$ cat upload38.cif   # mmCIF, C-alpha atoms
data_query
loop_
_atom_site.label_atom_id
_atom_site.label_comp_id
_atom_site.auth_asym_id
_atom_site.auth_seq_id
_atom_site.Cartn_x
_atom_site.Cartn_y
_atom_site.Cartn_z
CA MET D 1 34.77 -33.24 -54.57
CA MET D 2 37.62 -34.52 -52.43
CA HIS D 3 40.16 -37.02 -53.68
CA GLU D 4 38.74 -40.55 -53.48
CA PRO D 5 39.64 -42.16 -50.14
CA GLN D 6 41.18 -45.59 -49.63
CA PHE D 7 40.44 -47.39 -46.39
CA SER D 8 43.45 -49.24 -44.97
CA HIS D 9 43.45 -52.68 -43.36
CA ASP D 10 44.27 -50.99 -40.07
CA PHE D 11 41.23 -48.74 -40.39
CA ILE D 12 38.96 -51.67 -41.26
CA ARG D 13 40.19 -53.64 -38.24
CA THR D 14 39.50 -50.70 -35.95
CA LEU D 15 36.08 -50.18 -37.57
CA GLU D 16 35.24 -53.78 -36.67
CA THR D 17 36.37 -53.11 -33.10
CA LEU D 18 34.02 -50.13 -33.06
CA PHE D 19 31.10 -52.33 -34.17
CA SER D 20 31.91 -54.93 -31.53
CA TRP D 21 32.36 -52.41 -28.68
CA ARG D 22 29.28 -50.32 -29.49
CA ARG D 23 26.82 -50.97 -26.70
CA ASP D 24 23.33 -49.98 -25.67
CA VAL D 25 24.44 -48.06 -22.59
CA ARG D 26 22.32 -47.76 -19.43
CA HIS D 27 24.91 -46.56 -16.88
CA PHE D 28 26.14 -43.00 -17.33
CA LYS D 29 28.45 -40.55 -15.63
CA LYS D 30 26.78 -37.21 -14.91
CA ASP D 31 29.38 -35.04 -16.75
CA PRO D 32 27.79 -33.20 -19.66
CA ILE D 33 29.11 -33.52 -23.22
CA PRO D 34 30.35 -30.27 -24.78
CA ASP D 35 27.86 -28.75 -27.25
CA VAL D 36 30.48 -28.69 -29.98
CA ILE D 37 30.73 -32.51 -29.85
CA LEU D 38 26.96 -33.06 -29.68
CA ASN D 39 26.51 -30.79 -32.70
CA HIS D 40 29.23 -32.61 -34.56
CA LEU D 41 27.57 -35.97 -33.84
CA LEU D 42 24.30 -34.56 -35.19
CA SER D 43 26.03 -33.46 -38.39
CA ILE D 44 27.36 -37.01 -38.82
CA ALA D 45 23.87 -38.42 -38.21
CA CYS D 46 22.69 -36.25 -41.09
CA MET D 47 25.08 -37.97 -43.51
CA ALA D 48 22.89 -41.08 -43.28
CA PRO D 49 21.15 -42.36 -46.39
CA SER D 50 17.54 -41.26 -46.73
CA VAL D 51 14.90 -42.42 -49.16
CA GLY D 52 14.73 -39.92 -52.04
CA LEU D 53 17.16 -37.69 -50.10
CA SER D 54 14.16 -36.76 -47.94
CA GLU D 55 16.14 -36.33 -44.69
CA PRO D 56 13.05 -37.13 -42.60
CA TRP D 57 14.84 -37.11 -39.22
CA ARG D 58 13.88 -34.59 -36.53
CA PHE D 59 16.14 -34.50 -33.48
CA ILE D 60 14.89 -32.97 -30.24
CA GLN D 61 17.23 -32.24 -27.35
CA VAL D 62 15.10 -32.46 -24.24
CA LYS D 63 16.57 -30.01 -21.72
CA THR D 64 13.67 -28.94 -19.52
CA PRO D 65 13.98 -30.83 -16.20
CA LYS D 66 10.19 -31.09 -15.82
CA ILE D 67 9.86 -32.74 -19.23
CA LYS D 68 12.73 -35.13 -18.55
CA THR D 69 11.01 -36.18 -15.32
CA GLU D 70 7.70 -36.71 -17.14
CA ILE D 71 9.43 -39.01 -19.64
CA TYR D 72 11.18 -40.91 -16.86
CA ASP D 73 7.89 -41.37 -14.99
CA LEU D 74 6.27 -42.61 -18.19
CA PHE D 75 9.09 -45.13 -18.61
CA LYS D 76 8.70 -46.39 -15.05
CA THR D 77 4.97 -46.98 -15.53
CA THR D 78 5.44 -48.75 -18.87
CA ASN D 79 8.32 -50.83 -17.57
CA LYS D 80 6.24 -52.02 -14.63
CA GLU D 81 3.48 -53.08 -17.02
CA ALA D 82 6.00 -54.83 -19.30
CA ALA D 83 7.34 -56.83 -16.33
CA GLN D 84 3.83 -58.31 -15.83
CA ASN D 85 4.21 -60.17 -19.15
CA TYR D 86 6.75 -62.53 -17.65
CA THR D 87 6.48 -65.57 -15.44
CA SER D 88 7.90 -65.35 -11.93
CA GLU D 89 11.41 -66.59 -12.79
CA GLN D 90 11.69 -64.40 -15.88
CA GLN D 91 10.24 -61.51 -13.91
CA ILE D 92 13.01 -61.67 -11.32
CA LEU D 93 15.55 -61.58 -14.16
CA TYR D 94 13.63 -58.76 -15.89
CA ASN D 95 13.48 -56.63 -12.76
CA ASN D 96 17.23 -57.11 -12.33
CA LEU D 97 17.89 -55.40 -15.69
CA LYS D 98 18.49 -51.67 -15.95
CA LEU D 99 16.48 -50.84 -19.04
CA SER D 100 17.07 -47.12 -19.25
CA GLY D 101 19.65 -44.54 -18.30
CA LEU D 102 17.00 -41.83 -18.04
CA ASP D 103 17.86 -41.30 -14.38
CA ASP D 104 21.55 -40.45 -14.82
CA ALA D 105 22.24 -39.61 -18.49
CA PRO D 106 23.09 -35.90 -18.84
CA HIS D 107 21.43 -35.68 -22.27
CA HIS D 108 18.05 -36.85 -23.49
CA ILE D 109 17.45 -36.90 -27.24
CA ALA D 110 14.08 -37.76 -28.77
CA VAL D 111 14.06 -38.70 -32.43
CA PHE D 112 11.09 -38.40 -34.75
CA SER D 113 10.53 -39.01 -38.43
CA GLU D 114 8.44 -36.83 -40.74
CA GLU D 115 5.79 -39.23 -42.01
CA ASN D 116 5.25 -37.74 -45.44
CA PRO D 117 8.14 -35.37 -46.20
CA THR D 118 7.86 -33.00 -49.18
CA GLN D 119 11.66 -33.07 -49.48
CA GLY D 120 12.58 -35.85 -51.92
CA MET D 121 9.21 -35.53 -53.71
CA GLY D 122 8.10 -38.99 -52.61
CA LEU D 123 10.82 -40.75 -54.59
CA GLY D 124 11.45 -44.36 -53.58
CA ARG D 125 8.67 -44.69 -51.03
CA GLN D 126 5.55 -45.44 -53.11
CA THR D 127 5.36 -49.10 -52.11
CA MET D 128 7.01 -48.83 -48.69
CA PRO D 129 6.28 -45.55 -46.89
CA GLN D 130 7.98 -47.00 -43.80
CA THR D 131 11.34 -46.39 -45.53
CA THR D 132 11.25 -42.83 -44.14
CA ALA D 133 11.33 -44.28 -40.62
CA TYR D 134 14.14 -46.60 -41.73
CA SER D 135 16.14 -43.56 -42.93
CA THR D 136 15.78 -41.99 -39.52
CA VAL D 137 16.95 -45.22 -37.88
CA MET D 138 20.13 -45.07 -39.98
CA ALA D 139 20.70 -41.48 -38.84
CA ILE D 140 20.35 -42.63 -35.22
CA PHE D 141 22.78 -45.47 -35.81
CA SER D 142 25.31 -43.09 -37.42
CA PHE D 143 25.06 -40.88 -34.34
CA TRP D 144 25.50 -43.92 -32.11
CA LEU D 145 28.60 -45.28 -33.87
CA ALA D 146 30.30 -41.88 -34.08
CA ALA D 147 29.48 -41.25 -30.41
CA ARG D 148 31.15 -44.53 -29.43
CA ALA D 149 34.28 -43.55 -31.36
CA TYR D 150 34.36 -40.38 -29.22
CA GLY D 151 34.01 -42.47 -26.04
CA ILE D 152 30.36 -41.47 -25.62
CA GLY D 153 27.60 -43.94 -24.79
CA VAL D 154 24.11 -44.05 -26.29
CA GLY D 155 21.16 -46.02 -24.93
CA TRP D 156 17.96 -46.50 -26.93
CA VAL D 157 14.85 -46.61 -24.73
CA SER D 158 12.24 -48.48 -26.75
CA ILE D 159 9.34 -49.16 -24.43
CA LEU D 160 7.79 -45.71 -24.24
CA PRO D 161 4.26 -45.38 -25.66
CA PRO D 162 4.66 -43.16 -28.78
CA GLN D 163 1.43 -41.18 -28.33
CA HIS D 164 2.29 -40.19 -24.74
CA VAL D 165 5.79 -39.11 -25.76
CA LYS D 166 4.32 -36.96 -28.54
CA GLU D 167 1.92 -35.33 -26.08
CA ILE D 168 4.66 -34.61 -23.56
CA LEU D 169 6.95 -33.13 -26.23
CA LYS D 170 4.10 -31.38 -28.09
CA THR D 171 5.20 -32.57 -31.52
CA PRO D 172 3.19 -32.24 -34.75
CA ASP D 173 0.74 -35.05 -35.60
CA HIS D 174 2.66 -36.02 -38.73
CA TRP D 175 5.82 -36.80 -36.77
CA ASN D 176 6.40 -40.45 -36.11
CA PHE D 177 8.16 -41.26 -32.80
CA ILE D 178 11.19 -43.45 -33.46
CA ALA D 179 13.50 -43.44 -30.43
CA TYR D 180 14.33 -41.84 -27.12
CA LEU D 181 18.09 -41.77 -26.57
CA CYS D 182 20.10 -41.40 -23.38
CA VAL D 183 23.49 -39.90 -24.12
CA GLY D 184 26.54 -39.40 -21.91
CA TYR D 185 29.92 -40.79 -20.91
CA PRO D 186 29.50 -44.44 -19.91
CA GLN D 187 30.38 -45.67 -16.43
CA PHE D 188 32.11 -48.67 -18.02
CA THR D 189 32.55 -50.21 -21.46
CA GLN D 190 32.24 -53.78 -22.65
CA ASP D 191 32.25 -55.88 -25.80
CA THR D 192 29.33 -58.11 -24.87
CA PRO D 193 25.73 -56.94 -24.55
CA GLU D 194 24.48 -56.38 -21.02
CA LEU D 195 21.47 -58.63 -21.76
CA GLU D 196 23.95 -61.44 -22.39
CA ASN D 197 26.02 -60.67 -19.29
CA LYS D 198 22.88 -60.67 -17.16
CA GLY D 199 21.67 -63.99 -18.58
CA TRP D 200 18.58 -62.68 -20.40
CA GLU D 201 19.49 -63.76 -23.93
CA GLN D 202 22.50 -64.56 -26.08
CA ARG D 203 23.43 -64.24 -29.73
CA ASN D 204 22.44 -67.09 -32.05
CA PRO D 205 25.32 -68.20 -34.34
CA LYS D 206 22.72 -69.37 -36.91
CA ARG D 207 21.84 -65.74 -37.61
CA LYS D 208 25.22 -65.34 -39.32
CA GLU D 209 24.32 -67.86 -42.02
CA TRP D 210 22.88 -66.93 -45.41
CA ILE D 211 19.62 -68.31 -46.62
CA ILE D 212 20.02 -69.12 -50.32
CA ARG D 213 17.34 -68.82 -53.02
CA MET Q 214 36.84 -59.71 -22.95
CA MET Q 215 39.44 -57.85 -25.00
CA HIS Q 216 41.34 -54.89 -23.63
CA GLU Q 217 39.20 -51.76 -23.90
CA PRO Q 218 39.90 -49.97 -27.19
CA GLN Q 219 40.72 -46.29 -27.65
CA PHE Q 220 39.76 -44.67 -30.93
CA SER Q 221 42.37 -42.21 -32.20
CA HIS Q 222 41.74 -38.83 -33.83
CA ASP Q 223 43.02 -40.31 -37.08
CA PHE Q 224 40.54 -43.15 -36.89
CA ILE Q 225 37.66 -40.78 -36.15
CA ARG Q 226 38.59 -38.57 -39.11
CA THR Q 227 38.65 -41.59 -41.42
CA LEU Q 228 35.36 -42.82 -39.97
CA GLU Q 229 33.81 -39.48 -40.93
CA THR Q 230 35.24 -39.88 -44.43
CA LEU Q 231 33.57 -43.30 -44.57
CA PHE Q 232 30.21 -41.77 -43.63
CA SER Q 233 30.57 -39.04 -46.23
CA TRP Q 234 31.68 -41.40 -49.06
CA ARG Q 235 29.10 -44.08 -48.38
CA ARG Q 236 26.69 -43.96 -51.30
CA ASP Q 237 23.54 -45.66 -52.49
CA VAL Q 238 25.18 -47.30 -55.50
CA ARG Q 239 23.34 -48.01 -58.77
CA HIS Q 240 26.24 -48.62 -61.17
CA PHE Q 241 28.19 -51.84 -60.65
CA LYS Q 242 31.04 -53.74 -62.23
CA LYS Q 243 30.14 -57.35 -63.00
CA ASP Q 244 33.05 -58.94 -61.02
CA PRO Q 245 31.75 -61.08 -58.18
CA ILE Q 246 32.78 -60.52 -54.57
CA PRO Q 247 34.60 -63.45 -52.92
CA ASP Q 248 32.37 -65.45 -50.57
CA VAL Q 249 34.82 -64.97 -47.71
CA ILE Q 250 34.26 -61.20 -47.86
CA LEU Q 251 30.47 -61.46 -48.19
CA ASN Q 252 30.37 -63.80 -45.20
CA HIS Q 253 32.54 -61.44 -43.22
CA LEU Q 254 30.24 -58.51 -44.03
CA LEU Q 255 27.29 -60.59 -42.83
CA SER Q 256 29.07 -61.32 -39.56
CA ILE Q 257 29.58 -57.56 -39.08
CA ALA Q 258 25.90 -56.93 -39.86
CA CYS Q 259 25.06 -59.32 -37.03
CA MET Q 260 26.94 -57.13 -34.52
CA ALA Q 261 24.13 -54.56 -34.88
CA PRO Q 262 22.02 -53.70 -31.85
CA SER Q 263 18.71 -55.53 -31.69
CA VAL Q 264 15.78 -54.98 -29.40
CA GLY Q 265 15.99 -57.48 -26.51
CA LEU Q 266 18.93 -59.13 -28.34
CA SER Q 267 16.31 -60.68 -30.63
CA GLU Q 268 18.49 -60.64 -33.79
CA PRO Q 269 15.40 -60.53 -36.02
CA TRP Q 270 17.33 -60.14 -39.32
CA ARG Q 271 17.04 -62.79 -42.04
CA PHE Q 272 19.44 -62.38 -44.97
CA ILE Q 273 18.69 -64.14 -48.25
CA GLN Q 274 21.28 -64.33 -51.02
CA VAL Q 275 19.32 -64.53 -54.24
CA LYS Q 276 21.39 -66.60 -56.66
CA THR Q 277 18.89 -68.26 -59.01
CA PRO Q 278 18.96 -66.32 -62.31
CA LYS Q 279 15.23 -66.86 -62.90
CA ILE Q 280 14.37 -65.35 -59.49
CA LYS Q 281 16.70 -62.40 -60.07
CA THR Q 282 14.95 -61.72 -63.38
CA GLU Q 283 11.53 -61.91 -61.73
CA ILE Q 284 12.61 -59.32 -59.14
CA TYR Q 285 14.05 -57.07 -61.84
CA ASP Q 286 10.83 -57.32 -63.89
CA LEU Q 287 8.83 -56.46 -60.77
CA PHE Q 288 11.03 -53.42 -60.21
CA LYS Q 289 10.54 -52.24 -63.80
CA THR Q 290 6.75 -52.45 -63.52
CA THR Q 291 6.67 -50.64 -60.16
CA ASN Q 292 9.11 -47.99 -61.33
CA LYS Q 293 6.97 -47.24 -64.40
CA GLU Q 294 3.93 -46.83 -62.13
CA ALA Q 295 5.91 -44.59 -59.76
CA ALA Q 296 6.92 -42.33 -62.66
CA GLN Q 297 3.23 -41.64 -63.33
CA ASN Q 298 3.02 -39.76 -60.02
CA TYR Q 299 5.08 -36.90 -61.39
CA THR Q 300 4.26 -33.96 -63.65
CA SER Q 301 5.89 -33.87 -67.09
CA GLU Q 302 8.99 -31.91 -66.06
CA GLN Q 303 9.58 -34.01 -62.93
CA GLN Q 304 8.87 -37.14 -64.96
CA ILE Q 305 11.68 -36.38 -67.42
CA LEU Q 306 14.04 -35.94 -64.47
CA TYR Q 307 12.68 -39.11 -62.81
CA ASN Q 308 13.14 -41.21 -65.91
CA ASN Q 309 16.70 -39.95 -66.18
CA LEU Q 310 17.56 -41.48 -62.78
CA LYS Q 311 18.94 -44.99 -62.46
CA LEU Q 312 16.99 -46.25 -59.47
CA SER Q 313 18.36 -49.76 -59.22
CA GLY Q 314 21.48 -51.71 -60.03
CA LEU Q 315 19.46 -54.94 -60.40
CA ASP Q 316 20.61 -55.26 -64.01
CA ASP Q 317 24.36 -55.31 -63.37
CA ALA Q 318 25.02 -56.00 -59.66
CA PRO Q 319 26.63 -59.44 -59.25
CA HIS Q 320 24.89 -60.03 -55.90
CA HIS Q 321 21.28 -59.61 -54.85
CA ILE Q 322 20.49 -59.72 -51.14
CA ALA Q 323 16.95 -59.62 -49.79
CA VAL Q 324 16.54 -58.70 -46.14
CA PHE Q 325 13.59 -59.65 -43.97
CA SER Q 326 12.74 -59.20 -40.33
CA GLU Q 327 11.06 -61.77 -38.10
CA GLU Q 328 7.88 -60.01 -36.98
CA ASN Q 329 7.52 -61.58 -33.58
CA PRO Q 330 10.80 -63.30 -32.66
CA THR Q 331 10.89 -65.69 -29.70
CA GLN Q 332 14.58 -64.81 -29.21
CA GLY Q 333 14.77 -61.88 -26.76
CA MET Q 334 11.47 -62.94 -25.13
CA GLY Q 335 9.70 -59.79 -26.29
CA LEU Q 336 11.89 -57.50 -24.19
CA GLY Q 337 11.79 -53.84 -25.19
CA ARG Q 338 9.11 -54.12 -27.86
CA GLN Q 339 5.83 -54.07 -25.94
CA THR Q 340 4.89 -50.52 -26.98
CA MET Q 341 6.72 -50.41 -30.32
CA PRO Q 342 6.79 -53.77 -32.13
CA GLN Q 343 8.31 -51.98 -35.14
CA THR Q 344 11.62 -51.85 -33.23
CA THR Q 345 12.35 -55.34 -34.61
CA ALA Q 346 12.30 -53.89 -38.13
CA TYR Q 347 14.50 -51.03 -36.89
CA SER Q 348 17.02 -53.57 -35.56
CA THR Q 349 17.18 -55.17 -38.99
CA VAL Q 350 17.72 -51.75 -40.58
CA MET Q 351 20.76 -51.24 -38.34
CA ALA Q 352 22.13 -54.62 -39.42
CA ILE Q 353 21.71 -53.55 -43.06
CA PHE Q 354 23.46 -50.26 -42.37
CA SER Q 355 26.35 -52.05 -40.61
CA PHE Q 356 26.73 -54.26 -43.69
CA TRP Q 357 26.63 -51.17 -45.92
CA LEU Q 358 29.29 -49.18 -44.02
CA ALA Q 359 31.65 -52.15 -43.70
CA ALA Q 360 31.17 -52.93 -47.40
CA ARG Q 361 32.13 -49.36 -48.32
CA ALA Q 362 35.30 -49.65 -46.24
CA TYR Q 363 36.17 -52.72 -48.35
CA GLY Q 364 35.54 -50.73 -51.54
CA ILE Q 365 32.21 -52.49 -52.14
CA GLY Q 366 29.03 -50.65 -53.12
CA VAL Q 367 25.52 -51.29 -51.80
CA GLY Q 368 22.30 -50.00 -53.32
CA TRP Q 369 18.96 -50.24 -51.49
CA VAL Q 370 16.02 -50.78 -53.83
CA SER Q 371 12.99 -49.50 -51.94
CA ILE Q 372 10.13 -49.47 -54.44
CA LEU Q 373 9.35 -53.17 -54.66
CA PRO Q 374 5.91 -54.25 -53.41
CA PRO Q 375 6.62 -56.35 -50.28
CA GLN Q 376 3.90 -58.96 -50.87
CA HIS Q 377 5.14 -59.73 -54.41
CA VAL Q 378 8.73 -60.04 -53.21
CA LYS Q 379 7.62 -62.46 -50.49
CA GLU Q 380 5.74 -64.55 -53.07
CA ILE Q 381 8.70 -64.67 -55.44
CA LEU Q 382 11.11 -65.63 -52.65
CA LYS Q 383 8.61 -67.96 -50.92
CA THR Q 384 9.27 -66.59 -47.45
CA PRO Q 385 7.23 -67.36 -44.32
CA ASP Q 386 4.19 -65.15 -43.63
CA HIS Q 387 5.70 -63.81 -40.41
CA TRP Q 388 8.72 -62.36 -42.19
CA ASN Q 389 8.53 -58.64 -42.84
CA PHE Q 390 10.23 -57.49 -46.07
CA ILE Q 391 12.69 -54.69 -45.27
CA ALA Q 392 15.09 -54.19 -48.18
CA TYR Q 393 16.41 -55.56 -51.44
CA LEU Q 394 20.12 -54.82 -51.80
CA CYS Q 395 22.31 -54.73 -54.89
CA VAL Q 396 25.91 -55.47 -53.97
CA GLY Q 397 29.11 -55.29 -56.04
CA TYR Q 398 32.16 -53.22 -56.86
CA PRO Q 399 31.01 -49.74 -57.89
CA GLN Q 400 31.79 -48.34 -61.36
CA PHE Q 401 32.75 -45.06 -59.70
CA THR Q 402 32.70 -43.47 -56.23
CA GLN Q 403 31.57 -40.05 -55.09
CA ASP Q 404 30.99 -38.00 -51.97
CA THR Q 405 27.69 -36.44 -53.05
CA PRO Q 406 24.45 -38.37 -53.54
CA GLU Q 407 23.52 -39.15 -57.13
CA LEU Q 408 20.06 -37.60 -56.55
CA GLU Q 409 21.87 -34.33 -55.81
CA ASN Q 410 24.21 -34.61 -58.80
CA LYS Q 411 21.24 -35.28 -61.09
CA GLY Q 412 19.28 -32.30 -59.77
CA TRP Q 413 16.45 -34.24 -58.07
CA GLU Q 414 16.94 -33.03 -54.49
CA GLN Q 415 19.60 -31.62 -52.21
CA ARG Q 416 20.39 -31.75 -48.52
CA ASN Q 417 18.70 -29.20 -46.27
CA PRO Q 418 21.16 -27.50 -43.83
CA LYS Q 419 18.25 -26.91 -41.43
CA ARG Q 420 18.15 -30.66 -40.74
CA LYS Q 421 21.42 -30.34 -38.85
CA GLU Q 422 19.87 -28.09 -36.20
CA TRP Q 423 18.52 -29.33 -32.89
CA ILE Q 424 14.98 -28.68 -31.84
CA ILE Q 425 15.00 -27.82 -28.12
CA ARG Q 426 12.32 -28.72 -25.60
#
$ encode --input "upload38.cif" --output "structure tokens"
Amino acid sequence: MMHEPQFSHDFIRTLETLFSWRRDVRHFKKDPIPDVILNHLLSIACMAPSVGLSEPWRFIQVKTPKIKTEIYDLFKTTNKEAAQNYTSEQQILYNNLKLSGLDDAPHHIAVFSEENPTQGMGLGRQTMPQTTAYSTVMAIFSFWLAARAYGIGVGWVSILPPQHVKEILKTPDHWNFIAYLCVGYPQFTQDTPELENKGWEQRNPKRKEWIIR
Amino acid sequence: MMHEPQFSHDFIRTLETLFSWRRDVRHFKKDPIPDVILNHLLSIACMAPSVGLSEPWRFIQVKTPKIKTEIYDLFKTTNKEAAQNYTSEQQILYNNLKLSGLDDAPHHIAVFSEENPTQGMGLGRQTMPQTTAYSTVMAIFSFWLAARAYGIGVGWVSILPPQHVKEILKTPDHWNFIAYLCVGYPQFTQDTPELENKGWEQRNPKRKEWIIR
């Protein structure tokens, strides 16, 4: 065991800057990220908490161009369908958003969660089996934050149909699709969400208030 | 917009220390945390990414002693039932684990997720409505990491039955129970999970390898 760390005020201030400048990135440069950095980010992801120490996360790097194209095509179809849910004015706004960086991101990472892992012997998930998926989400978010500290952008594509993604990637039945990530150096950085800048939605200050019981 | 930040090597190293010393804490000192710090941690939680900028998280501070006792009693019942799932040898090990800090943590925080938020106008969740819950998980993890930087411990109690918790806390039907957190200053800190120290489970190095497609 290392000596117990103390976190300075300076560190905490910079950590808060990291939280406020983390973005869901959709505009990437084409330059690839060195393997040594990607591997390091994965090792940080694996420090995430997991229910019963089950480490249910399964990270796939999608490298085959044909598969990347299939995923991008799937996104385009689903995105077109999603646009139909909006009225004409909203639809114009929706179609003006760039909702994935699948076209230009140099790295595609698909993340799955083992539905019923033997590791951890089921501890902590008897009443809420979905906590395995939640563990995987925290691994993704660890990856995302560390990436941002390295100047690397991550974009979470969330409107792919899970079953189609599983078929394209030929994953086992007991893997639960969690996220498809675009990863690369961002074309620009910002401290406000793109959805806010483009007028889709804004943060609600009420969300920062406690409910008391 | 602020000037774009750069994150130094020193900062990144300390960030990695934060990830490796974050723990799921079960042993708390009784001293309360000042409100100003708890409120600040909540404001950091709210910087988390959320699907469509929907901010679906709902944080409840549980302060009423009677309600805290009801939750603790519920935990004890569920934990006893969970222990029955194990064979005699595993059961001895299981019963030797402290799986909640509900008895001594000065703060109890219940976290819920709005199932179908109007904020965000449904963007990004057409094929995976569970991404709202995932957004809330990232808010919890932001709270957790920032708390650790402030020397504050967080423990996620995951074996409560959601419906009972909702009844005790009288929450709306459309709120999805995500987590019950124990929060306080930890009795001790460590860089290895307690489940590993107590011989329940250990990390699998294979988890840090990419699968390639």
$ interface_residues --input "upload38.cif" --of "chain D" --to "chain Q" --cutoff "7 Å" --atoms "all atoms listed in the file" --output "PyMOL selection string"
chain D and resi 1+7+11-12+19-20+42-43+46-47+53+59-64+82+120+124-128+134+137-138+141+149+158-161+169+191+201-203+208+210-213
$ resolve_selection --input "upload38.cif" --expression "the PyMOL selection byres ((chain Q and resi 320) around 7)" --output "ChimeraX atom specification"
/Q:318-319,321-322,395-397
$ atom_distance --input "upload38.cif" --atom1 "atom CA of Phe28 of chain D" --atom2 "atom CA of Tyr185 of chain D"
5.7 Å
$ atom_distance --input "upload38.cif" --atom1 "atom CA of Trp388 of chain Q" --atom2 "atom CA of Leu93 of chain D"
28.9 Å
$ atom_distance --input "upload38.cif" --atom1 "atom CA of Asn197 of chain D" --atom2 "atom CA of Thr77 of chain D"
25.4 Å
$ axis_aligned_box --input "upload38.cif" --around "segment 58-68 of chain D" --padding-each-side "3 Å" --output "AutoDock Vina command-line options"
--center_x 13.5 --center_y -32.0 --center_z -26.2 --size_x 13.4 --size_y 12.2 --size_z 26.7
$ resolve_selection --input "upload38.cif" --expression "the PyMOL selection byres ((chain Q and resi 238) around 6)" --output "number ranges by chain"
Q: 236-237, 239-240, 366-368
$ closest_residue --input "upload38.cif" --among "D:Ile33, D:Asn96, D:His164, D:Asn176" --to "Gly199 of chain D" --atoms "only C-alpha atoms"
D:Asn96
$ decode --input "upload38.cif" --residues "segment 76-88 of chain D" --atoms "N, CA, C and O atoms" --output "compact mmCIF listing (two decimals), in the first residue's frame"
# COMPACT_ATOMS: atom_id res chain seq x y z
N LYS D 76 -27.19 6.18 -38.93
CA LYS D 76 -27.89 7.10 -39.83
C LYS D 76 -29.36 6.73 -39.96
O LYS D 76 -30.24 7.60 -39.94
N THR D 77 -29.63 5.43 -40.08
CA THR D 77 -31.02 4.97 -40.18
C THR D 77 -31.79 5.32 -38.91
O THR D 77 -32.91 5.87 -38.97
N THR D 78 -31.19 4.99 -37.75
CA THR D 78 -31.89 5.22 -36.49
C THR D 78 -32.11 6.71 -36.24
O THR D 78 -33.15 7.13 -35.73
N ASN D 79 -31.12 7.51 -36.61
CA ASN D 79 -31.20 8.94 -36.39
C ASN D 79 -32.32 9.56 -37.23
O ASN D 79 -33.04 10.45 -36.78
N LYS D 80 -32.47 9.06 -38.44
CA LYS D 80 -33.53 9.53 -39.33
C LYS D 80 -34.89 9.22 -38.73
O LYS D 80 -35.80 10.05 -38.74
N GLU D 81 -35.02 8.00 -38.19
CA GLU D 81 -36.28 7.61 -37.54
C GLU D 81 -36.55 8.49 -36.32
O GLU D 81 -37.68 8.92 -36.08
N ALA D 82 -35.47 8.75 -35.53
CA ALA D 82 -35.63 9.55 -34.31
C ALA D 82 -36.12 10.96 -34.66
O ALA D 82 -36.94 11.53 -33.95
N ALA D 83 -35.63 11.50 -35.77
CA ALA D 83 -36.02 12.86 -36.18
C ALA D 83 -37.52 12.96 -36.43
O ALA D 83 -38.13 14.01 -36.22
N GLN D 84 -38.14 11.84 -36.86
CA GLN D 84 -39.58 11.83 -37.14
C GLN D 84 -40.43 12.10 -35.90
O GLN D 84 -41.61 12.44 -36.00
N ASN D 85 -39.82 11.89 -34.70
CA ASN D 85 -40.59 12.10 -33.46
C ASN D 85 -40.85 13.57 -33.16
O ASN D 85 -41.58 13.88 -32.22
N TYR D 86 -40.23 14.45 -33.91
CA TYR D 86 -40.34 15.86 -33.57
C TYR D 86 -41.23 16.63 -34.54
O TYR D 86 -41.35 16.26 -35.71
N THR D 87 -41.80 17.71 -34.03
CA THR D 87 -42.61 18.58 -34.87
C THR D 87 -41.67 19.35 -35.81
O THR D 87 -40.45 19.35 -35.61
N SER D 88 -42.24 20.05 -36.77
CA SER D 88 -41.41 20.64 -37.83
C SER D 88 -40.31 21.56 -37.30
O SER D 88 -39.16 21.48 -37.74
